[in-house]
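Here's the structure, in structure tokens; my notes come after.
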Amino acid sequence: MKKEVTLWAALCMTLVCMMSVTASAAGTATITQCIISGSDQITVTATVSGVASDDGNLYLFELKPYQSSITGRTDYCAVAANASTVTFTTALGDGTSDSKLYSKFVVAALSGGAYTAVSGEYYITNPEALAAHTAANPVTTSIKGLTVDNAAITTLTDLGVQHASYELAIDRFFQSGAGISYTYNGKTYSFNQSVVAEYDMVMTLLASQNVEVTMNIINYYDAATALTVKPSARVSGYRHYAFNTDEQLGAESIEALMTFLASRYSNAATGLISNWIIGNEVNNNNPWYYAGNYNVADFTLEYEKAFRMCYNAIKSQNANARVLTCIDQRWTWEDGTANQYGAKKFIDAFNADVTSHGNIDWGVAWHPHPVPLTAAKFWDMPSNYKALNLISNNENTKMINPQNMDVFTNYMCQSQFLAPDGQVRYIIVSEILFNSQSSDEATQAASFAYAYKLAEKNPYIKGFIVHRAVDNIYEKTSDGIACGLYNCDANGLPTTAKQICDVFKYIDTELSDAYTQFALPIIGASSWAALGVS
């Protein structure tokens, strides 16, 4: 019996020793900085606590966007002696096949002959250090903006538009046809020449209208251009699709395209895109940024990869460009549809991910539409919607429409959401619509006037972009929505101006009162002052 006890004690001691080694090897390193620090150098700094390494060193590994683990790897990119604070330097490799611009970095220790990650992942936070373009964004004196239709681009100056939004689908650039050759990081890509020419024309026209351009970057799916779509999302039937960060060819193709576009549209000659929106209403995975089946935490991690990839490509070309995520009006409301998340839940998770992986200057493009979309009179919802108690003036509101926009902007004023420079993040209403099909033109115009005045008094809303210039045939027939400033004919071309057109034109001028007084009886108010928006 004594021998058995002695043997058991020896086994226990061995187990304790093994646990001690494992625990010390599994201590933590926290990356506190990852920056481009020279012409072709990255500096990574980490604080270290309780980490033991077999050889007294710590190692820096890079992970490409499509890589998720260092298990089994030995190809570290830097080494430093183990200490309470360690600093690594490694080559950026800009312009080569070894470029680390889009990589994540982890600190590892050597334990039992294997390299084991002891830190979380961290990205480069200053890609703008590489930028050759520093074009100043247009100086705007009004928040008034419009979703642009090709047939109405030349009317922007007459309407006094200062912000214009347009859409760019990345998959279109990889369609077959005559191509523009572009070499990036040692590889040559071909972008569809006719699609590039189309955007050159649009950007030239927008430049001639002296507006700040917001470009919504989206992604469609078909078998011919599947390389841009996340593999788990390659199923037909959704509106827009998640960007491919899972496969080397897809990820590198998107990196090259976004770099090409950011460089091309970062100057006066070919036009300037000031705001780049990565995805449309991405908290609505189904159907506006379809990635597959994910809970919100896993979804935001996947989306962050795509956002970082685009952010680094854009900012490495134009230091002053803004890169924005995009949410809809469903703040805490979730109707039970699979892969849809309340915007608040998404923003919380996305912010936590970005902060832990290296804070960057992301902004928000936001769609506080009337609820429902078809009913322009947002202050007096249909009775079945009123019964749901969708609108309140606190952060737990189910929906955010023009009535309670300050709920969101106040939420973003909290310290944990501030940009790296300590300021409230750049926020624009990049899409908001007012329907005339289910009511009348006067109600549409009044709803716009009231919403605009509410937005105008909010200091954190930098743009208020009305969707759209001209009624859209698809929206009219499929969604029951006619939200343009102009009616359209059977071919979708603009015809007569609606009442909202003049209200829109003069809303931010000295003639505003003359063109908006009609709205007060429709709203049920004696004056704009009584509504708190004079």
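The way I read the labels, and the way they are meant: chains A, B, ... in the order of the structure tokens, residue 1 as the first residue of every chain, and ligand 1 as the first ligand shown, with later ones counted on from there.
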List the spatial neighbours of range 269-280 of chain A as a PyMOL selection string - criterion: any atom at most 7 Å away, only C-alpha atoms, same-chain residues fewer than 2 positions off excluded. chain A and resi 137+200+203-204+207+212-218+264-267+282+288-289+307+321-326+365
Would you tabulate, counting only C-alpha atoms, all residues of range 455-534 of chain A that have an atom at most 9 Å from an atom of range 413-436 of chain A, showing the closest pair of atoms and their distance in Å to one decimal, sorted by chain then ascending number, as JSON lines?
{"residue": "A:Ala455", "atom": "CA", "partner": "A:Val429", "partner_atom": "CA", "distance": 8.8}
{"residue": "A:Tyr460", "atom": "CA", "partner": "A:Ile427", "partner_atom": "CA", "distance": 6.4}
{"residue": "A:Ile461", "atom": "CA", "partner": "A:Ile428", "partner_atom": "CA", "distance": 5.4}
{"residue": "A:Lys462", "atom": "CA", "partner": "A:Ile428", "partner_atom": "CA", "distance": 5.2}
{"residue": "A:Gly463", "atom": "CA", "partner": "A:Ile428", "partner_atom": "CA", "distance": 4.7}
{"residue": "A:Phe464", "atom": "CA", "partner": "A:Val429", "partner_atom": "CA", "distance": 4.8}
{"residue": "A:Ile465", "atom": "CA", "partner": "A:Ser430", "partner_atom": "CA", "distance": 5.0}
{"residue": "A:Val466", "atom": "CA", "partner": "A:Ile432", "partner_atom": "CA", "distance": 5.1}
{"residue": "A:His467", "atom": "CA", "partner": "A:Leu433", "partner_atom": "CA", "distance": 4.9}
{"residue": "A:Arg468", "atom": "CA", "partner": "A:Leu433", "partner_atom": "CA", "distance": 7.2}
{"residue": "A:Gly480", "atom": "CA", "partner": "A:Asn435", "partner_atom": "CA", "distance": 8.5}
{"residue": "A:Ile481", "atom": "CA", "partner": "A:Asn435", "partner_atom": "CA", "distance": 5.6}
{"residue": "A:Ala482", "atom": "CA", "partner": "A:Asn435", "partner_atom": "CA", "distance": 5.3}
{"residue": "A:Cys483", "atom": "CA", "partner": "A:Asn435", "partner_atom": "CA", "distance": 4.5}
{"residue": "A:Gly484", "atom": "CA", "partner": "A:Asn435", "partner_atom": "CA", "distance": 8.0}
For the selection you just gave me, I'd like the residues written to a file as a compact mmCIF listing (two decimals), in the first residue's frame, keeping N, CA and C atoms.
# COMPACT_ATOMS: atom_id res chain seq x y z
N ALA A 455 -32.56 66.06 -38.68
CA ALA A 455 -31.16 65.68 -38.90
C ALA A 455 -30.25 66.89 -38.85
N TYR A 460 -23.91 65.53 -35.06
CA TYR A 460 -23.10 64.36 -35.41
C TYR A 460 -23.48 63.75 -36.76
N ILE A 461 -24.55 64.25 -37.37
CA ILE A 461 -24.96 63.75 -38.68
C ILE A 461 -24.32 64.64 -39.74
N LYS A 462 -23.36 64.11 -40.47
CA LYS A 462 -22.57 64.90 -41.42
C LYS A 462 -23.13 64.88 -42.84
N GLY A 463 -24.07 64.01 -43.10
CA GLY A 463 -24.69 63.95 -44.41
C GLY A 463 -26.05 63.30 -44.28
N PHE A 464 -27.00 63.75 -45.12
CA PHE A 464 -28.37 63.24 -45.09
C PHE A 464 -28.76 62.97 -46.54
N ILE A 465 -28.57 61.72 -46.97
CA ILE A 465 -28.68 61.37 -48.39
C ILE A 465 -30.02 60.72 -48.67
N VAL A 466 -30.83 61.43 -49.44
CA VAL A 466 -32.17 60.95 -49.77
C VAL A 466 -32.11 59.97 -50.93
N HIS A 467 -32.81 58.89 -50.76
CA HIS A 467 -32.92 57.86 -51.80
C HIS A 467 -34.27 58.03 -52.49
N ARG A 468 -34.32 58.50 -53.69
CA ARG A 468 -33.36 58.67 -54.71
C ARG A 468 -33.78 59.80 -55.61
N GLY A 480 -43.48 48.44 -53.86
CA GLY A 480 -44.54 49.42 -53.62
C GLY A 480 -44.00 50.76 -53.19
N ILE A 481 -42.81 51.11 -53.67
CA ILE A 481 -42.15 52.34 -53.23
C ILE A 481 -41.80 53.22 -54.43
N ALA A 482 -42.24 54.47 -54.37
CA ALA A 482 -41.85 55.48 -55.35
C ALA A 482 -41.26 56.65 -54.55
N CYS A 483 -39.95 56.66 -54.41
CA CYS A 483 -39.32 57.59 -53.47
C CYS A 483 -38.48 58.66 -54.14
N GLY A 484 -38.57 58.78 -55.45
CA GLY A 484 -37.75 59.75 -56.15
C GLY A 484 -38.24 61.18 -56.02
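Closest approach to Thr28 in chain A among A:Gln329, A:Gln41, A:Thr47, A:Gln175: A:Thr47, based on only C-alpha atoms.
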One decimal, in Å: what's the spacing between CA of Ala169 in chain A and CA of Gln248 in chain A?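 Computing the Euclidean distance for CA of Ala169 in chain A and CA of Gln248 in chain A yields 20.0 Å.
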Report as a VMD selection string: the residues of range 69-186 of chain A with a DSSP assignment of alpha helix (DSSP H), based on the backbone of this structure. chain A and resid 156 to 159
